[in-house]
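Shown next: coords-v7.txt, containing compact mmCIF, C-alpha atoms.
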# COMPACT_ATOMS: atom_id res chain seq x y z
CA MET A 17 22.85 35.84 36.16
CA ALA A 18 20.20 33.24 35.55
CA ASP A 19 21.24 29.98 33.93
CA GLU A 20 20.63 29.81 30.22
CA PRO A 21 17.76 27.40 29.37
CA GLU A 22 18.85 24.03 28.02
CA LEU A 23 18.51 23.90 24.27
CA ILE A 24 18.47 20.73 22.19
CA THR A 25 18.77 20.16 18.46
CA VAL A 26 15.97 18.92 16.23
CA GLY A 27 17.69 15.52 16.07
CA GLN A 28 17.93 15.26 19.84
CA LEU A 29 14.29 16.18 20.27
CA ALA A 30 13.30 13.70 17.59
CA ARG A 31 15.06 10.88 19.44
CA ARG A 32 13.54 11.85 22.79
CA VAL A 33 9.94 11.96 21.64
CA GLY A 34 9.83 9.37 18.85
CA LEU A 35 9.28 11.75 15.94
CA THR A 36 11.47 12.17 12.89
CA ALA A 37 13.46 15.33 12.29
CA LYS A 38 11.53 15.72 9.04
CA ALA A 39 8.22 15.66 10.94
CA LEU A 40 9.48 18.27 13.42
CA ARG A 41 10.56 20.56 10.59
CA HIS A 42 7.10 20.12 9.01
CA TYR A 43 5.35 20.97 12.29
CA ASP A 44 7.48 24.10 12.49
CA ARG A 45 6.53 25.13 8.94
CA VAL A 46 2.79 24.72 9.63
CA GLY A 47 3.05 26.61 12.91
CA LEU A 48 2.25 23.67 15.15
CA LEU A 49 5.48 23.28 17.10
CA ALA A 50 7.95 26.10 16.54
CA PRO A 51 11.51 25.84 17.90
CA ALA A 52 12.50 28.03 20.83
CA VAL A 53 15.41 29.47 18.86
CA VAL A 54 16.55 29.46 15.24
CA ASP A 55 20.26 30.16 14.93
CA ALA A 56 20.64 33.27 12.78
CA ASP A 57 23.91 32.08 11.24
CA THR A 58 23.23 28.39 10.59
CA GLY A 59 19.44 28.25 10.50
CA TYR A 60 19.54 25.34 12.97
CA ARG A 61 16.37 24.82 14.96
CA LEU A 62 16.88 24.56 18.71
CA TYR A 63 14.19 23.47 21.15
CA SER A 64 13.86 23.98 24.88
CA ALA A 65 13.58 21.08 27.32
CA GLU A 66 10.06 22.30 28.13
CA GLN A 67 9.00 21.44 24.56
CA VAL A 68 9.61 17.72 25.04
CA GLY A 69 6.17 17.22 26.63
CA PRO A 70 4.22 19.07 23.89
CA ALA A 71 6.21 17.22 21.21
CA ARG A 72 5.26 13.90 22.78
CA LEU A 73 1.62 14.99 22.83
CA VAL A 74 1.86 15.80 19.11
CA ARG A 75 3.33 12.36 18.40
CA LEU A 76 0.58 10.58 20.34
CA LEU A 77 -2.25 12.50 18.70
CA ARG A 78 -0.84 12.26 15.20
CA SER A 79 -0.23 8.52 15.67
CA VAL A 80 -4.02 8.09 15.54
CA ASP A 81 -4.46 10.70 12.77
CA VAL A 82 -5.99 13.47 14.87
CA PRO A 83 -6.20 16.44 12.44
CA LEU A 84 -3.58 19.15 12.81
CA ASP A 85 -6.07 21.86 13.78
CA GLN A 86 -7.28 19.72 16.67
CA VAL A 87 -3.72 18.87 17.72
CA ARG A 88 -3.15 22.63 17.85
CA GLU A 89 -6.26 22.91 20.02
CA CYS A 90 -4.77 20.38 22.47
CA LEU A 91 -1.37 22.12 22.51
CA ALA A 92 -3.10 25.32 23.60
CA ARG A 93 -4.16 23.48 26.79
CA PRO A 94 -1.68 20.60 27.20
CA ASP A 95 -2.53 20.08 30.89
CA ASP A 96 -6.31 20.02 30.36
CA GLU A 97 -6.97 16.27 30.19
CA ALA A 98 -10.74 16.79 29.89
CA ALA A 99 -10.32 19.01 26.82
CA ILE A 100 -7.97 16.51 25.18
CA GLN A 101 -10.42 13.71 25.90
CA GLN A 102 -13.17 15.71 24.16
CA VAL A 103 -10.97 16.04 21.09
CA LEU A 104 -10.30 12.30 21.12
CA HIS A 105 -14.00 11.47 21.46
CA ARG A 106 -14.82 13.70 18.49
CA HIS A 107 -12.04 12.09 16.50
CA ARG A 108 -13.32 8.62 17.40
CA ARG A 109 -16.78 9.53 16.08
CA ARG A 110 -15.19 10.63 12.81
CA LEU A 111 -13.26 7.38 12.51
CA GLN A 112 -16.41 5.38 13.26
CA ALA A 113 -18.31 7.34 10.60
CA ARG A 114 -15.51 6.59 8.13
CA LEU A 115 -15.71 2.90 8.97
CA ASP A 116 -19.50 2.94 8.62
CA ARG A 117 -19.11 4.54 5.18
CA VAL A 118 -16.98 1.58 4.10
CA ARG A 119 -19.48 -0.88 5.60
CA GLY A 120 -22.32 0.90 3.86
CA ASP A 121 -20.52 0.76 0.53
CA LEU A 122 -19.93 -2.95 1.07
CA HIS A 123 -23.61 -3.63 1.70
CA ARG A 124 -24.69 -1.53 -1.29
CA THR A 125 -22.18 -3.39 -3.43
CA ASP A 126 -23.58 -6.70 -2.18
CA HIS A 127 -27.06 -5.65 -3.28
CA LEU A 128 -25.71 -4.87 -6.75
CA ILE A 129 -23.91 -8.23 -6.90
CA GLU A 130 -26.97 -10.16 -5.72
CA ASP A 131 -29.49 -8.34 -7.91
CA GLY A 132 -27.20 -7.56 -10.85
CA VAL A 133 -26.37 -4.07 -12.11
CA THR A 134 -28.38 -4.49 -15.32
CA THR A 135 -31.38 -5.87 -13.44
CA THR A 136 -31.23 -3.06 -10.90
CA MET A 137 -31.10 -0.41 -13.63
CA THR A 138 -33.86 -2.11 -15.60
CA ASP A 139 -36.04 -2.42 -12.50
CA GLN A 140 -35.54 1.27 -11.80
CA ASP A 141 -36.47 2.18 -15.39
CA GLU A 142 -39.59 0.03 -15.15
CA HIS A 143 -40.43 1.51 -11.77
CA ASP A 144 -40.16 5.03 -13.20
CA LYS A 145 -42.48 4.12 -16.10
CA GLN A 146 -45.18 2.41 -14.07
CA ASP A 147 -47.93 4.15 -12.17
CA THR A 148 -48.38 1.08 -9.94
CA PRO A 149 -45.18 -0.97 -9.78
CA GLY A 150 -45.31 -4.58 -8.61
CA PRO A 151 -45.60 -4.94 -4.83
CA ALA A 152 -42.70 -7.40 -4.47
CA ALA A 153 -40.22 -5.23 -6.40
CA ASP A 154 -41.52 -2.17 -4.61
CA GLU A 155 -41.04 -3.71 -1.17
CA ARG A 156 -37.55 -4.95 -1.97
CA ARG A 157 -36.54 -1.53 -3.22
CA LEU A 158 -38.01 0.09 -0.12
CA ALA A 159 -36.12 -2.31 2.15
CA ALA A 160 -32.84 -1.56 0.37
CA ASP A 161 -33.43 2.20 0.29
CA LEU A 162 -34.17 2.28 4.01
CA PHE A 163 -31.13 0.11 4.74
CA ASN A 164 -28.90 2.45 2.73
CA GLY A 165 -30.50 5.48 4.34
CA VAL A 166 -29.51 4.17 7.76
CA TRP A 167 -25.91 3.90 6.54
CA ARG A 168 -25.95 7.49 5.33
CA LEU A 169 -27.05 8.62 8.79
CA LEU A 170 -24.44 6.42 10.49
CA GLU A 171 -21.86 8.04 8.24
CA GLN A 172 -22.69 11.52 9.51
CA GLU A 173 -20.10 12.77 11.96
CA GLU A 174 -22.64 15.02 13.69
CA ARG A 175 -26.27 13.96 14.09
CA SER A 176 -29.15 15.69 15.81
CA ILE A 177 -31.62 13.92 18.11
CA GLU A 178 -34.06 13.96 15.19
CA ASP A 179 -31.42 12.29 12.98
CA ASP A 180 -30.93 9.58 15.61
CA ASP A 181 -34.69 8.98 15.82
CA ARG A 182 -34.99 8.78 12.04
CA MET A 183 -32.01 6.41 11.82
CA LEU A 184 -33.54 4.07 14.40
CA HIS A 185 -37.00 4.01 12.83
CA MET A 186 -35.53 3.47 9.36
CA ALA A 187 -33.45 0.53 10.60
CA HIS A 188 -36.55 -1.14 12.06
CA ALA A 189 -38.57 -0.39 8.93
CA SER A 190 -35.85 -1.84 6.70
CA ARG A 191 -35.71 -5.00 8.81
CA TYR A 192 -39.51 -5.32 8.59
CA HIS A 193 -39.55 -5.09 4.81
CA TRP A 194 -36.63 -7.53 4.46
CA GLY A 195 -38.68 -9.89 6.60
CA GLN A 196 -41.49 -9.63 4.09
CA ILE A 197 -39.50 -9.99 0.89
CA GLY A 198 -35.87 -10.94 1.60
CA ALA A 199 -33.89 -14.11 2.15
CA ALA A 200 -32.56 -15.24 5.53
CA VAL A 201 -29.27 -13.44 4.91
CA ASN A 202 -31.14 -10.15 4.42
CA ARG A 203 -32.96 -10.66 7.71
CA SER A 204 -29.69 -11.41 9.50
CA ARG A 205 -28.08 -8.29 8.09
CA GLY A 206 -31.15 -6.29 9.06
CA GLU A 207 -30.86 -7.48 12.65
CA TRP A 208 -27.15 -6.63 12.59
CA GLN A 209 -27.92 -3.11 11.43
CA VAL A 210 -30.60 -2.55 14.06
CA SER A 211 -28.18 -3.78 16.73
CA ARG A 212 -25.44 -1.46 15.41
CA VAL A 213 -27.78 1.54 15.57
CA TYR A 214 -28.72 0.78 19.16
CA SER A 215 -25.03 0.34 20.05
CA VAL A 216 -24.18 3.68 18.47
CA LEU A 217 -26.97 5.25 20.51
CA GLY A 218 -25.63 3.63 23.69
CA ARG A 219 -28.70 1.44 24.28
CA ALA A 220 -27.31 -1.92 25.30
CA GLU A 221 -30.42 -4.01 25.96
CA PRO A 222 -32.04 -3.70 22.50
CA ALA A 223 -28.58 -3.88 20.89
CA LEU A 224 -28.06 -7.25 22.59
CA TYR A 225 -31.51 -8.50 21.64
CA HIS A 226 -31.11 -7.77 17.92
CA ALA A 227 -27.53 -9.04 17.88
CA ARG A 228 -28.76 -12.36 19.30
CA ARG A 229 -31.54 -12.51 16.70
CA GLY A 230 -29.03 -11.93 13.91
CA LEU A 231 -26.86 -14.77 15.18
CA GLU A 232 -29.87 -17.08 15.59
CA ILE A 233 -30.88 -16.49 11.96
CA CYS A 234 -27.33 -17.27 10.80
CA GLN A 235 -27.23 -20.48 12.80
CA GLU A 236 -30.72 -21.59 11.80
CA HIS A 237 -30.04 -21.15 8.08
CA GLY A 238 -26.38 -22.16 7.96
CA ILE A 239 -25.18 -18.65 7.07
CA ALA A 240 -21.42 -18.40 7.48
CA ASP A 241 -18.54 -16.36 6.07
CA TRP A 242 -18.52 -12.67 6.98
CA ASP A 243 -22.21 -12.54 7.95
CA LEU A 244 -21.51 -14.97 10.79
CA ALA A 245 -18.38 -13.09 11.83
CA PHE A 246 -20.34 -9.83 11.95
CA ALA A 247 -23.11 -11.48 13.96
CA TYR A 248 -20.50 -12.29 16.60
CA GLU A 249 -19.07 -8.78 16.27
CA SER A 250 -22.47 -7.24 16.99
CA LEU A 251 -22.75 -9.26 20.20
CA ALA A 252 -19.25 -8.20 21.24
CA ARG A 253 -20.08 -4.55 20.58
CA ALA A 254 -23.42 -4.70 22.41
CA HIS A 255 -21.80 -6.29 25.46
CA ALA A 256 -19.10 -3.60 25.40
CA VAL A 257 -21.82 -0.94 25.37
CA ALA A 258 -23.40 -2.73 28.34
CA GLY A 259 -20.07 -2.54 30.18
CA ASP A 260 -19.54 -6.31 30.21
CA LYS A 261 -15.89 -6.54 29.14
CA GLU A 262 -15.65 -10.28 29.75
CA GLN A 263 -18.54 -11.12 27.42
CA ALA A 264 -17.37 -8.54 24.90
CA ARG A 265 -14.00 -10.26 24.73
CA ALA A 266 -15.57 -13.74 24.54
CA TRP A 267 -17.73 -12.75 21.54
CA THR A 268 -14.79 -10.95 19.95
CA GLU A 269 -12.85 -14.21 20.11
CA GLN A 270 -15.78 -15.95 18.39
CA ALA A 271 -15.74 -13.28 15.68
CA LEU A 272 -11.98 -13.70 15.22
CA ALA A 273 -12.39 -17.46 14.83
CA ALA A 274 -15.18 -16.98 12.29
CA ALA A 275 -13.11 -14.39 10.42
CA GLU A 276 -10.45 -17.02 9.70
CA ASP A 277 -12.97 -18.80 7.46
CA ILE A 278 -13.89 -15.70 5.40
CA ALA A 279 -13.03 -16.34 1.78
CA GLU A 280 -12.20 -12.77 0.72
CA ASP A 281 -9.21 -11.02 2.30
CA GLU A 282 -10.87 -7.59 2.05
CA GLU A 283 -13.97 -8.79 3.89
CA ARG A 284 -11.85 -10.43 6.59
CA GLU A 285 -9.94 -7.18 7.05
CA LEU A 286 -13.21 -5.27 7.37
CA VAL A 287 -14.33 -7.54 10.21
CA LEU A 288 -11.00 -7.09 11.98
CA THR A 289 -11.20 -3.32 11.55
CA ASP A 290 -14.72 -3.29 12.97
CA LEU A 291 -13.60 -5.35 15.97
CA GLU A 292 -10.85 -2.82 16.66
CA ALA A 293 -13.54 -0.10 16.83
CA ILE A 294 -15.46 -1.75 19.68
CA PRO A 295 -15.62 0.86 22.44
CA GLY A 296 -13.53 0.30 25.56
CA GLN A 297 -11.82 -2.83 24.24
CA PRO A 298 -8.10 -2.64 23.48
CA ARG A 299 -6.79 -4.81 20.66
CA PHE A 300 -5.65 -8.15 22.10
CA TRP A 301 -5.04 -10.21 18.94
Represent the structure from my file as structure tokens, please.
Amino acid sequence: MADEPELITVGQLARRVGLTAKALRHYDRVGLLAPAVVDADTGYRLYSAEQVGPARLVRLLRSVDVPLDQVRECLARPDDEAAIQQVLHRHRRRLQARLDRVRGDLHRTDHLIEDGVTTTMTDQDEHDKQDTPGPAADERRLAADLFNGVWRLLEQEERSIEDDDRMLHMAHASRYHWGQIGAAVNRSRGEWQVSRVYSVLGRAEPALYHARRGLEICQEHGIADWDLAFAYESLARAHAVAGDKEQARAWTEQALAAAEDIAEDEERELVLTDLEAIPGQPRFW
């Protein structure tokens, strides 16, 4: 007679894999990780030793908030490393889009703070009434609209080649119009955005060029606080895209040092979060 398979309790499995018993019961209820046996008399859940590996995979994937449906996808092929990597890459793009949404909201909020909500609304009312609005107001609005449009495209989890082309051209157009009408800080942020777009598209050389220009503008005009920290961040990201881990780390350290001088805690945290999203660079701080 064959040996009976080893069965372990929900508590024992929880201790082995680093999950809580409550989490394991939840994963059973949602059909993600069902026990091998449920005792008919006591209702106790019992798991087989072979379920330790899948349970550990669940813990790892859920620790970075991979959605349950995609965890289920990975459990269907637990030994297919390539398939799991594809899931993780898709999840990373979603996280990056989420981060870009926050960054976009921050920039749009900055425009409202700088221009004033009342002024912005009044300008829009005047713009709607006029057949030929003033060129300066028109150009500033165009620069801001293009800038915000780039953020909306960065926020998309799935973009087509046409979307990528439009995003890149809009970023350059926004930077051009800020150069015509904006202050030095607007030009620096424009260079940062162009560099970010190139980094997202995996094009290291132009990403590096525009990151350097953004930093040069900050240094030339004494721009500090989070704009300076993000200028360093863009250089770290561009070097990471280029595969230069040493330079990526060096510029990350510069960004971390600059972040210490950021006045607002929320803005400092945003810089740190962005640094953690640099591709191929584990957190070392």
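Shortest separation to Pro83 of chain A among A:Val103, A:Ala258, A:Ala275, A:Ala223 occurs at residue A:Val103, atoms counted being all atoms listed in the file.
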Please provide the set of residues having any atom within 12 Å of Glu282 of chain A, restricted to only C-alpha atoms, with same-chain residues fewer than 5 positions apart removed, written as a PyMOL selection string. chain A and resi 118-119+122+242+275+287-289
Separating atom CA of Lys261 of chain A from atom CA of Asp116 of chain A, to the nearest tenth of an Å, is a gap of 22.9 Å
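Between Glu249 of chain A and the residues A:Trp208, A:Ala279, A:Glu232, A:Leu104, the shortest atom-to-atom distance, using all atoms listed in the file, involves A:Trp208.
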Shell of 10 Å around Arg156 of chain A, only C-alpha atoms, local chain residues under 3 positions omitted, as a PDB file with C-alpha atoms, keeping the file's coordinate frame:
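Heads up, here's the output in out_14.pdb:
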ATOM      1  CA  PRO A 151     -45.600  -4.940  -4.830  1.00  0.00           C
ATOM      2  CA  ALA A 152     -42.700  -7.400  -4.470  1.00  0.00           C
ATOM      3  CA  ALA A 153     -40.220  -5.230  -6.400  1.00  0.00           C
ATOM      4  CA  ALA A 159     -36.120  -2.310   2.150  1.00  0.00           C
ATOM      5  CA  ALA A 160     -32.840  -1.560   0.370  1.00  0.00           C
ATOM      6  CA  ASP A 161     -33.430   2.200   0.290  1.00  0.00           C
ATOM      7  CA  LEU A 162     -34.170   2.280   4.010  1.00  0.00           C
ATOM      8  CA  SER A 190     -35.850  -1.840   6.700  1.00  0.00           C
ATOM      9  CA  HIS A 193     -39.550  -5.090   4.810  1.00  0.00           C
ATOM     10  CA  TRP A 194     -36.630  -7.530   4.460  1.00  0.00           C
ATOM     11  CA  GLY A 195     -38.680  -9.890   6.600  1.00  0.00           C
ATOM     12  CA  GLN A 196     -41.490  -9.630   4.090  1.00  0.00           C
ATOM     13  CA  ILE A 197     -39.500  -9.990   0.890  1.00  0.00           C
ATOM     14  CA  GLY A 198     -35.870 -10.940   1.600  1.00  0.00           C
TER      15      GLY A 198
END
What's around segment 35-38 of chain A at 10 Å? Count only C-alpha atoms, leave out sequence neighbours fewer than 2 positions away in its own chain, and write the answer as a PDB file with C-alpha atoms, in the frame of the given file.
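See around-v7.pdb below for the written result:
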ATOM      1  CA  THR A  25      18.770  20.160  18.460  1.00  0.00           C
ATOM      2  CA  VAL A  26      15.970  18.920  16.230  1.00  0.00           C
ATOM      3  CA  GLY A  27      17.690  15.520  16.070  1.00  0.00           C
ATOM      4  CA  GLN A  28      17.930  15.260  19.840  1.00  0.00           C
ATOM      5  CA  LEU A  29      14.290  16.180  20.270  1.00  0.00           C
ATOM      6  CA  ALA A  30      13.300  13.700  17.590  1.00  0.00           C
ATOM      7  CA  ARG A  31      15.060  10.880  19.440  1.00  0.00           C
ATOM      8  CA  ARG A  32      13.540  11.850  22.790  1.00  0.00           C
ATOM      9  CA  VAL A  33       9.940  11.960  21.640  1.00  0.00           C
ATOM     10  CA  LEU A  40       9.480  18.270  13.420  1.00  0.00           C
ATOM     11  CA  ARG A  41      10.560  20.560  10.590  1.00  0.00           C
ATOM     12  CA  HIS A  42       7.100  20.120   9.010  1.00  0.00           C
ATOM     13  CA  TYR A  43       5.350  20.970  12.290  1.00  0.00           C
ATOM     14  CA  ASP A  44       7.480  24.100  12.490  1.00  0.00           C
ATOM     15  CA  ALA A  71       6.210  17.220  21.210  1.00  0.00           C
ATOM     16  CA  ARG A  72       5.260  13.900  22.780  1.00  0.00           C
ATOM     17  CA  VAL A  74       1.860  15.800  19.110  1.00  0.00           C
ATOM     18  CA  ARG A  75       3.330  12.360  18.400  1.00  0.00           C
ATOM     19  CA  LEU A  76       0.580  10.580  20.340  1.00  0.00           C
TER      20      LEU A  76
END
Give as a PyMOL selection string each residue that has an atom at most 10 Å from (-14.1, -9.0, 20.2) in the file, counting all atoms listed in the file. chain A and resi 248-253+255-256+261-272+288+290-294+297-301
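In terms of minimum interatomic distance to Asp241 of chain A, A:Ile278 ranks closest within A:Asp260, A:Ile278, A:Val213, A:Asp95, counting all atoms listed in the file.
Among the candidates A:Ala274, A:Ala200, A:Ile100, A:Val216, the residue lying nearest to Leu77 of chain A is A:Ile100 (atoms considered: all atoms listed in the file).
Excluding Arg88 of chain A and any residue on its chain fewer than 3 positions from it, the residues at most 9 Å away by all atoms listed in the file are Gly47, Leu48, Leu49, Val74, Pro83, Leu84, Asp85, Leu91 and Ala92 of chain A.
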All residues 9 Å or closer to Val210 of chain A, all atoms listed in the file, same chain fewer than 2 positions away omitted, as a ChimeraX atom specification: /A:184,187-188,191,205-208,212-215,222-223,226-227
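Rounded to one decimal, atom CA of Glu285 of chain A and atom CA of Glu171 of chain A lie 19.4 Å from each other.
Proximity to Pro295 of chain A was assessed for A:Arg78, A:Arg45, A:Arg93, A:Arg108 counting only C-alpha atoms; the smallest distance is recorded for A:Arg108.
When all atoms listed in the file are used to compute distances to Arg110 of chain A, the closest of the residues A:Cys234, A:Asp277, A:Ser204, A:Arg175 turns out to be A:Arg175.
With atom CA of Pro94 of chain A on one side and atom CA of Ala39 of chain A on the other, the separation reads 19.7 Å.
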